[in-house]
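Presented below is the structure to which this report refers.
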Amino acid sequence: MQASNIRFWAEQDQPIHKFSTKGADHLSDVELLAILIQHGTAQQNAIELARSLLATTENSLQKFAKYSVADIVNLKIKGIGKIKAVRILAAIELGSRRIDLINKHTTIHHSRDVALHLKNKLQYEQREVFMLLLLNQANKIIHEAVLSEGGITGTVADPRIVFKLVISHGATGFIICHNHPSGQLIPSRMDDALTQKIKKGAALFDIKLIDHLIVSTEGYYSYAEQHPDW
C-alpha cells in the first residue's frame, strides 16, 4: 500500500477536534457519523465513508435509523463492517432513548405536538403500527406503548387492551395513533369505526379520548381537528 493513497485531513477540520472545540451543534450529520466510524480506508477517509453511508438513504437520518446491523453490512461499503454498524446503531438508540425521556411527562397543548413526536417514530415504518399515549389530569404524558404491528395494509388495536392500560396507569385521558405506510392520510372506514368504538368505550369509563392521529411521510391527520363535534 502506498502512503500517497491514505486519505487525511487537517487537524482543525477533524470532526473530533471540531466537536471538542466548537461543540456538537457545529458538526454536520456526516461529521457526527464519521466520529463513530473512526477510521477510513486507503480509498476513503471516515468523512467520505460517512457520506457514502448516509447517501444510501438520501441523507435521511430518519430512514437511516430504521437500518438493522445486517442492513448496513449488506450495503457492502468497504470499511463499514459489523462492529462499526453496531457502534453506529447503538449511538442512534441512545439518542432515541434520550428523546423519549425528554418527551415523557411533556405537557400536551396541541395535537400537532403529539403528531410531530409520533411522526418521527412512525413515518418510515413499512408496516402499520398502532400506538397509545396515556396522559394525566395535567395533560402530561405518563406512558407510551405500541399496541400492535400489522402488515402493509393495516393493523388492528384491541379496545380491551387500550382500556386495560389506561386504567392500570391511572390515566385520565389518552391519544391513539397509527401510521399509514402508503402516505395516504385519509382515514379508512375501519379507522372511523375503531375511533368511534374506542371513543364510546372511553365515555363509559369517564376517560377522555383526546385524539386519534394518523401519521405518514405526508404529514398527519387529527380526528379532533377535523371533527368540530369531537
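Ordering of the C-alpha cells sets the chain letters (A, B, ...); residue numbers start at 1 within each chain; ligands are numbered from 1 in the order shown.
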**Request:** Please identify all polymer residues within 12 Å of Asp71 (chain A), counting only C-alpha atoms, omitting same-chain residues fewer than 6 positions from it, and present them as a PyMOL selection string.
**Result:** chain A and resi 53+56-57+63-65+77+80-82+85-86+89
Could you give me the residues within region 49-225 of chain A that DSSP places in strand (DSSP E), as an mmCIF file with N, CA and C atoms, in the first residue's frame?
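As written to disk, out14.cif reads:
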```
data_model
loop_
_atom_site.group_PDB
_atom_site.id
_atom_site.type_symbol
_atom_site.label_atom_id
_atom_site.label_comp_id
_atom_site.auth_asym_id
_atom_site.auth_seq_id
_atom_site.Cartn_x
_atom_site.Cartn_y
_atom_site.Cartn_z
ATOM 1 N N VAL A 129 -48.280 0.547 12.473
ATOM 2 C CA VAL A 129 -48.018 0.397 13.904
ATOM 3 C C VAL A 129 -49.045 1.238 14.652
ATOM 4 N N PHE A 130 -49.672 0.646 15.637
ATOM 5 C CA PHE A 130 -50.692 1.343 16.425
ATOM 6 C C PHE A 130 -50.118 1.650 17.802
ATOM 7 N N MET A 131 -50.148 2.927 18.186
ATOM 8 C CA MET A 131 -49.555 3.351 19.456
ATOM 9 C C MET A 131 -50.585 4.017 20.368
ATOM 10 N N LEU A 132 -50.252 4.018 21.645
ATOM 11 C CA LEU A 132 -51.118 4.603 22.665
ATOM 12 C C LEU A 132 -50.297 5.516 23.562
ATOM 13 N N LEU A 133 -50.797 6.729 23.787
ATOM 14 C CA LEU A 133 -50.174 7.666 24.726
ATOM 15 C C LEU A 133 -51.155 7.931 25.853
ATOM 16 N N LEU A 134 -50.700 7.750 27.084
ATOM 17 C CA LEU A 134 -51.548 7.972 28.251
ATOM 18 C C LEU A 134 -51.173 9.283 28.931
ATOM 19 N N LEU A 135 -52.184 10.043 29.334
ATOM 20 C CA LEU A 135 -51.961 11.347 29.941
ATOM 21 C C LEU A 135 -52.610 11.419 31.323
ATOM 22 N N ILE A 141 -47.738 13.404 29.439
ATOM 23 C CA ILE A 141 -47.601 12.018 29.010
ATOM 24 C C ILE A 141 -46.989 11.202 30.149
ATOM 25 N N ILE A 142 -47.687 10.154 30.572
ATOM 26 C CA ILE A 142 -47.175 9.315 31.657
ATOM 27 C C ILE A 142 -46.780 7.918 31.171
ATOM 28 N N HIS A 143 -47.239 7.560 29.966
ATOM 29 C CA HIS A 143 -46.876 6.246 29.431
ATOM 30 C C HIS A 143 -47.115 6.224 27.928
ATOM 31 N N GLU A 144 -46.265 5.470 27.238
ATOM 32 C CA GLU A 144 -46.381 5.336 25.786
ATOM 33 C C GLU A 144 -46.156 3.872 25.434
ATOM 34 N N ALA A 145 -46.995 3.323 24.579
ATOM 35 C CA ALA A 145 -46.876 1.893 24.267
ATOM 36 C C ALA A 145 -47.285 1.602 22.833
ATOM 37 N N VAL A 146 -46.637 0.590 22.255
ATOM 38 C CA VAL A 146 -47.041 0.059 20.949
ATOM 39 C C VAL A 146 -48.068 -1.030 21.223
ATOM 40 N N LEU A 147 -49.263 -0.869 20.666
ATOM 41 C CA LEU A 147 -50.335 -1.836 20.906
ATOM 42 C C LEU A 147 -50.319 -2.994 19.922
ATOM 43 N N SER A 148 -49.997 -2.687 18.675
ATOM 44 C CA SER A 148 -49.969 -3.755 17.681
ATOM 45 C C SER A 148 -49.178 -3.323 16.463
ATOM 46 N N GLU A 149 -48.688 -4.300 15.730
ATOM 47 C CA GLU A 149 -47.985 -4.066 14.473
ATOM 48 C C GLU A 149 -48.581 -4.995 13.437
ATOM 49 N N GLY A 173 -56.803 10.663 30.466
ATOM 50 C CA GLY A 173 -57.011 10.895 29.044
ATOM 51 C C GLY A 173 -55.989 10.103 28.248
ATOM 52 N N PHE A 174 -56.278 9.892 26.965
ATOM 53 C CA PHE A 174 -55.331 9.149 26.139
ATOM 54 C C PHE A 174 -55.468 9.543 24.676
ATOM 55 N N ILE A 175 -54.410 9.248 23.925
ATOM 56 C CA ILE A 175 -54.359 9.519 22.488
ATOM 57 C C ILE A 175 -53.976 8.227 21.794
ATOM 58 N N ILE A 176 -54.694 7.890 20.730
ATOM 59 C CA ILE A 176 -54.323 6.730 19.934
ATOM 60 C C ILE A 176 -53.751 7.223 18.608
ATOM 61 N N CYS A 177 -52.868 6.448 18.045
ATOM 62 C CA CYS A 177 -52.198 6.884 16.830
ATOM 63 C C CYS A 177 -51.727 5.687 16.022
ATOM 64 N N HIS A 178 -51.821 5.812 14.703
ATOM 65 C CA HIS A 178 -51.205 4.801 13.844
ATOM 66 C C HIS A 178 -50.693 5.473 12.577
ATOM 67 N N ASN A 179 -49.842 4.774 11.874
ATOM 68 C CA ASN A 179 -49.254 5.309 10.650
ATOM 69 C C ASN A 179 -49.877 4.665 9.423
ATOM 70 N N LYS A 208 -61.237 10.484 28.819
ATOM 71 C CA LYS A 208 -61.335 11.228 27.568
ATOM 72 C C LYS A 208 -60.371 10.702 26.496
ATOM 73 N N LEU A 209 -60.923 10.360 25.345
ATOM 74 C CA LEU A 209 -60.090 10.095 24.166
ATOM 75 C C LEU A 209 -59.786 11.458 23.566
ATOM 76 N N ILE A 210 -58.573 11.925 23.759
ATOM 77 C CA ILE A 210 -58.202 13.276 23.347
ATOM 78 C C ILE A 210 -58.097 13.398 21.836
ATOM 79 N N ASP A 211 -57.581 12.361 21.182
ATOM 80 C CA ASP A 211 -57.446 12.423 19.728
ATOM 81 C C ASP A 211 -57.069 11.049 19.181
ATOM 82 N N HIS A 212 -57.329 10.886 17.907
ATOM 83 C CA HIS A 212 -56.812 9.752 17.142
ATOM 84 C C HIS A 212 -56.039 10.368 15.993
ATOM 85 N N LEU A 213 -54.746 10.072 15.932
ATOM 86 C CA LEU A 213 -53.871 10.661 14.925
ATOM 87 C C LEU A 213 -53.407 9.612 13.924
ATOM 88 N N ILE A 214 -53.359 10.020 12.669
ATOM 89 C CA ILE A 214 -52.791 9.195 11.612
ATOM 90 C C ILE A 214 -51.590 9.957 11.067
ATOM 91 N N VAL A 215 -50.434 9.306 11.004
ATOM 92 C CA VAL A 215 -49.237 9.981 10.529
ATOM 93 C C VAL A 215 -48.637 9.234 9.335
ATOM 94 N N SER A 216 -47.944 9.989 8.504
ATOM 95 C CA SER A 216 -47.238 9.403 7.361
ATOM 96 C C SER A 216 -46.155 10.383 6.939
ATOM 97 N N GLY A 219 -47.452 13.970 6.409
ATOM 98 C CA GLY A 219 -47.950 14.841 7.480
ATOM 99 C C GLY A 219 -48.767 14.054 8.479
ATOM 100 N N TYR A 220 -49.876 14.650 8.931
ATOM 101 C CA TYR A 220 -50.719 13.951 9.895
ATOM 102 C C TYR A 220 -52.183 14.329 9.720
ATOM 103 N N TYR A 221 -53.050 13.460 10.219
ATOM 104 C CA TYR A 221 -54.495 13.700 10.239
ATOM 105 C C TYR A 221 -54.940 13.585 11.685
ATOM 106 N N SER A 222 -55.686 14.584 12.149
ATOM 107 C CA SER A 222 -56.181 14.596 13.523
ATOM 108 C C SER A 222 -57.701 14.559 13.508
#
```
**Request:** Kindly indicate which residue among A:Lys140, A:Arg189, A:Arg127, A:Lys78 lies nearest to His109 (chain A), using only C-alpha atoms for the distances.
**Result:** A:Lys140
